[in-house]
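To be precise, the following lines are model26.pdb, and they hold PDB, C-alpha atoms, pLDDT in the B column.
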```
ATOM      1  CA  MET A 119      43.839  13.453  11.651  1.00 71.00           C
ATOM      2  CA  THR A 120      40.356  13.708  13.119  1.00 79.00           C
ATOM      3  CA  GLN A 121      37.486  15.832  12.001  1.00 81.00           C
ATOM      4  CA  HIS A 122      34.552  17.097  14.038  1.00 80.00           C
ATOM      5  CA  LEU A 123      31.151  16.437  12.448  1.00 73.00           C
ATOM      6  CA  ASP A 124      28.058  18.317  13.465  1.00 77.00           C
ATOM      7  CA  GLN A 125      25.253  15.845  14.170  1.00 75.00           C
ATOM      8  CA  GLN A 126      22.572  18.058  12.607  1.00 74.00           C
ATOM      9  CA  THR A 127      24.308  18.232   9.221  1.00 68.00           C
ATOM     10  CA  VAL A 128      25.000  14.491   9.157  1.00 66.00           C
ATOM     11  CA  VAL A 129      21.397  13.619   9.980  1.00 61.00           C
ATOM     12  CA  HIS A 130      19.882  15.842   7.273  1.00 60.00           C
ATOM     13  CA  GLU A 131      22.439  15.443   4.497  1.00 60.00           C
ATOM     14  CA  GLY A 132      23.415  11.798   4.910  1.00 58.00           C
ATOM     15  CA  LEU A 133      20.002  10.164   4.503  1.00 68.00           C
ATOM     16  CA  LYS A 134      18.563   8.847   1.251  1.00 81.00           C
ATOM     17  CA  LYS A 135      14.843   8.575   0.674  1.00 88.00           C
ATOM     18  CA  VAL A 136      13.878   4.896   0.406  1.00 93.00           C
ATOM     19  CA  TRP A 137      10.622   3.956  -1.331  1.00 95.00           C
ATOM     20  CA  ASN A 138       8.462   0.881  -1.360  1.00 96.00           C
ATOM     21  CA  VAL A 139       8.469  -0.067  -5.052  1.00 96.00           C
ATOM     22  CA  ALA A 140       4.692  -0.706  -5.099  1.00 96.00           C
ATOM     23  CA  GLU A 141       3.968   2.752  -3.626  1.00 97.00           C
ATOM     24  CA  PHE A 142       6.389   4.376  -6.059  1.00 96.00           C
ATOM     25  CA  ALA A 143       4.645   2.670  -8.988  1.00 95.00           C
ATOM     26  CA  LYS A 144       1.256   3.826  -7.753  1.00 95.00           C
ATOM     27  CA  ARG A 145       2.434   7.410  -7.219  1.00 95.00           C
ATOM     28  CA  TYR A 146       4.081   7.657 -10.649  1.00 93.00           C
ATOM     29  CA  ARG A 147       1.230   5.778 -12.386  1.00 91.00           C
ATOM     30  CA  LEU A 148       3.367   2.923 -13.688  1.00 94.00           C
ATOM     31  CA  ASP A 149       1.654  -0.107 -15.165  1.00 92.00           C
ATOM     32  CA  GLN A 150       1.807  -3.557 -13.553  1.00 95.00           C
ATOM     33  CA  ARG A 151       4.439  -4.839 -15.983  1.00 95.00           C
ATOM     34  CA  GLU A 152       6.804  -1.979 -15.149  1.00 95.00           C
ATOM     35  CA  GLU A 153       6.199  -2.445 -11.423  1.00 96.00           C
ATOM     36  CA  ASN A 154       7.076  -6.143 -11.725  1.00 97.00           C
ATOM     37  CA  ARG A 155      10.228  -5.292 -13.671  1.00 96.00           C
ATOM     38  CA  LEU A 156      11.349  -2.869 -10.957  1.00 97.00           C
ATOM     39  CA  LEU A 157      10.605  -5.431  -8.255  1.00 97.00           C
ATOM     40  CA  LYS A 158      12.764  -8.035 -10.019  1.00 97.00           C
ATOM     41  CA  LEU A 159      15.533  -5.525 -10.654  1.00 96.00           C
ATOM     42  CA  LEU A 160      15.667  -3.702  -7.309  1.00 95.00           C
ATOM     43  CA  GLY A 161      13.667  -5.736  -4.798  1.00 96.00           C
ATOM     44  CA  PRO A 162      10.772  -4.486  -2.647  1.00 96.00           C
ATOM     45  CA  PHE A 163      12.590  -1.327  -1.455  1.00 96.00           C
ATOM     46  CA  ALA A 164      14.942   1.004  -3.316  1.00 96.00           C
ATOM     47  CA  SER A 165      16.285   4.521  -3.103  1.00 94.00           C
ATOM     48  CA  GLU A 166      14.421   7.271  -4.892  1.00 93.00           C
ATOM     49  CA  HIS A 167      17.342   7.856  -7.244  1.00 93.00           C
ATOM     50  CA  GLU A 168      17.521   4.179  -8.284  1.00 95.00           C
ATOM     51  CA  LEU A 169      13.801   4.078  -8.977  1.00 96.00           C
ATOM     52  CA  LEU A 170      13.768   7.283 -10.989  1.00 94.00           C
ATOM     53  CA  MET A 171      16.751   6.197 -13.087  1.00 95.00           C
ATOM     54  CA  ASN A 172      15.287   2.753 -13.866  1.00 95.00           C
ATOM     55  CA  ALA A 173      11.563   3.499 -14.287  1.00 93.00           C
ATOM     56  CA  THR A 174      10.126   3.965 -17.758  1.00 91.00           C
ATOM     57  CA  ARG A 175       6.594   5.073 -18.563  1.00 83.00           C
ATOM     58  CA  THR A 176       4.755   4.436 -21.752  1.00 79.00           C
ATOM     59  CA  PRO A 177       3.737   7.692 -23.450  1.00 80.00           C
ATOM     60  CA  ASN A 178       0.065   8.662 -23.430  1.00 78.00           C
ATOM     61  CA  PHE A 179      -0.846   9.955 -26.880  1.00 81.00           C
ATOM     62  CA  ARG A 180      -4.065  11.785 -27.485  1.00 76.00           C
TER
END
```

Serialized structure, C-alpha coordinates:
Amino acid sequence: MTQHLDQQTVVHEGLKKVWNVAEFAKRYRLDQREENRLLKLLGPFASEHELLMNATRTPNFR
(Lines of atoms letter the chains of each structure in order from A and count residues from 1; the text may use other names and numbers.)
(Lines give C-alpha, C1' and ligand atoms only; values in the text may rest on other atoms or scores of the structure.)
Protein backbone atom coordinates (compact mmCIF):
# COMPACT_ATOMS: atom_id res chain seq x y z
CA MET A 1 0.00 0.00 0.00
CA THR A 2 1.40 3.40 -0.91
CA GLN A 3 0.54 6.75 0.51
CA HIS A 4 0.87 10.16 -1.12
CA LEU A 5 2.68 12.74 1.03
CA ASP A 6 2.40 16.44 0.39
CA GLN A 7 5.88 17.97 0.30
CA GLN A 8 4.80 21.14 2.12
CA THR A 9 3.51 19.26 5.17
CA VAL A 10 6.59 17.03 5.36
CA VAL A 11 8.97 19.98 5.17
CA HIS A 12 7.26 21.98 7.94
CA GLU A 13 6.22 19.19 10.30
CA GLY A 14 9.15 16.80 9.96
CA LEU A 15 11.99 19.11 11.00
CA LYS A 16 13.37 19.46 14.52
CA LYS A 17 15.09 22.61 15.69
CA VAL A 18 18.78 21.86 16.33
CA TRP A 19 20.76 24.18 18.61
CA ASN A 20 24.43 24.79 19.17
CA VAL A 21 24.83 23.95 22.87
CA ALA A 22 26.96 27.05 23.55
CA GLU A 23 24.33 29.35 22.00
CA PHE A 24 21.56 27.60 23.91
CA ALA A 25 23.46 28.09 27.18
CA LYS A 26 23.98 31.77 26.43
CA ARG A 27 20.33 32.31 25.49
CA TYR A 28 19.00 30.54 28.60
CA ARG A 29 21.66 32.09 30.88
CA LEU A 30 23.19 28.80 32.00
CA ASP A 31 26.45 28.86 33.91
CA GLN A 32 29.69 27.43 32.51
CA ARG A 33 29.45 24.24 34.57
CA GLU A 34 26.00 23.45 33.20
CA GLU A 35 27.13 24.22 29.65
CA ASN A 36 30.06 21.82 30.04
CA ARG A 37 27.74 19.13 31.41
CA LEU A 38 25.43 19.48 28.41
CA LEU A 39 28.38 19.36 26.02
CA LYS A 40 29.61 16.11 27.58
CA LEU A 41 26.12 14.63 27.62
CA LEU A 42 24.83 15.68 24.19
CA GLY A 43 27.80 16.89 22.15
CA PRO A 44 28.15 20.27 20.41
CA PHE A 45 24.69 20.13 18.75
CA ALA A 46 21.38 18.81 20.07
CA SER A 47 17.68 19.14 19.43
CA GLU A 48 15.76 21.78 21.32
CA HIS A 49 13.73 19.14 23.14
CA GLU A 50 16.84 17.28 24.37
CA LEU A 51 18.39 20.49 25.64
CA LEU A 52 15.27 21.66 27.43
CA MET A 53 14.75 18.28 29.10
CA ASN A 54 18.37 18.03 30.31
CA ALA A 55 19.19 21.63 31.26
CA THR A 56 18.94 22.72 34.88
CA ARG A 57 19.31 26.26 36.16
CA THR A 58 20.25 27.27 39.63
CA PRO A 59 17.53 29.38 41.27
CA ASN A 60 18.19 33.09 41.76
CA PHE A 61 16.98 34.06 45.23
CA ARG A 62 16.59 37.66 46.22

Top pick for closest residue to A:Gln150, considering A:Gln126, A:Gln121, A:Ser165, A:Thr176 and counting all atoms listed in the file: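 Closest residue, counting all atoms listed in the file: A:Thr176.
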
Between atom CA of A:His167 and atom CA of A:Trp137, distance in Å (one decimal): 9.8 Å

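Distance-wise, atom CA of A:Lys135 and atom CA of A:Arg151 end up 23.8 Å apart.
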
Give me the result of the PyMOL selection byres ((chain A and resi 141) around 12) on this file, residue by residue, as a PyMOL selection string. chain A and resi 136-140+142-148+150+153+156-157+162-164+166+169

Find the smallest box with edges along x, y and z containing every listed atom of stretch 144-154 of chain A, then add 8 Å on each side and report centre and edge lengths in Å to one decimal, as lines of an AutoDock Vina configuration file.
```
center_x = 4.2
center_y = 0.8
center_z = -11.6
size_x = 21.8
size_y = 29.8
size_z = 24.8
```

For atom CA of A:Asn172 and atom CA of A:Lys158, quote the distance in Å rounded to one decimal.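 Computed distance, atom CA of A:Asn172 to atom CA of A:Lys158, equals 11.7 Å.
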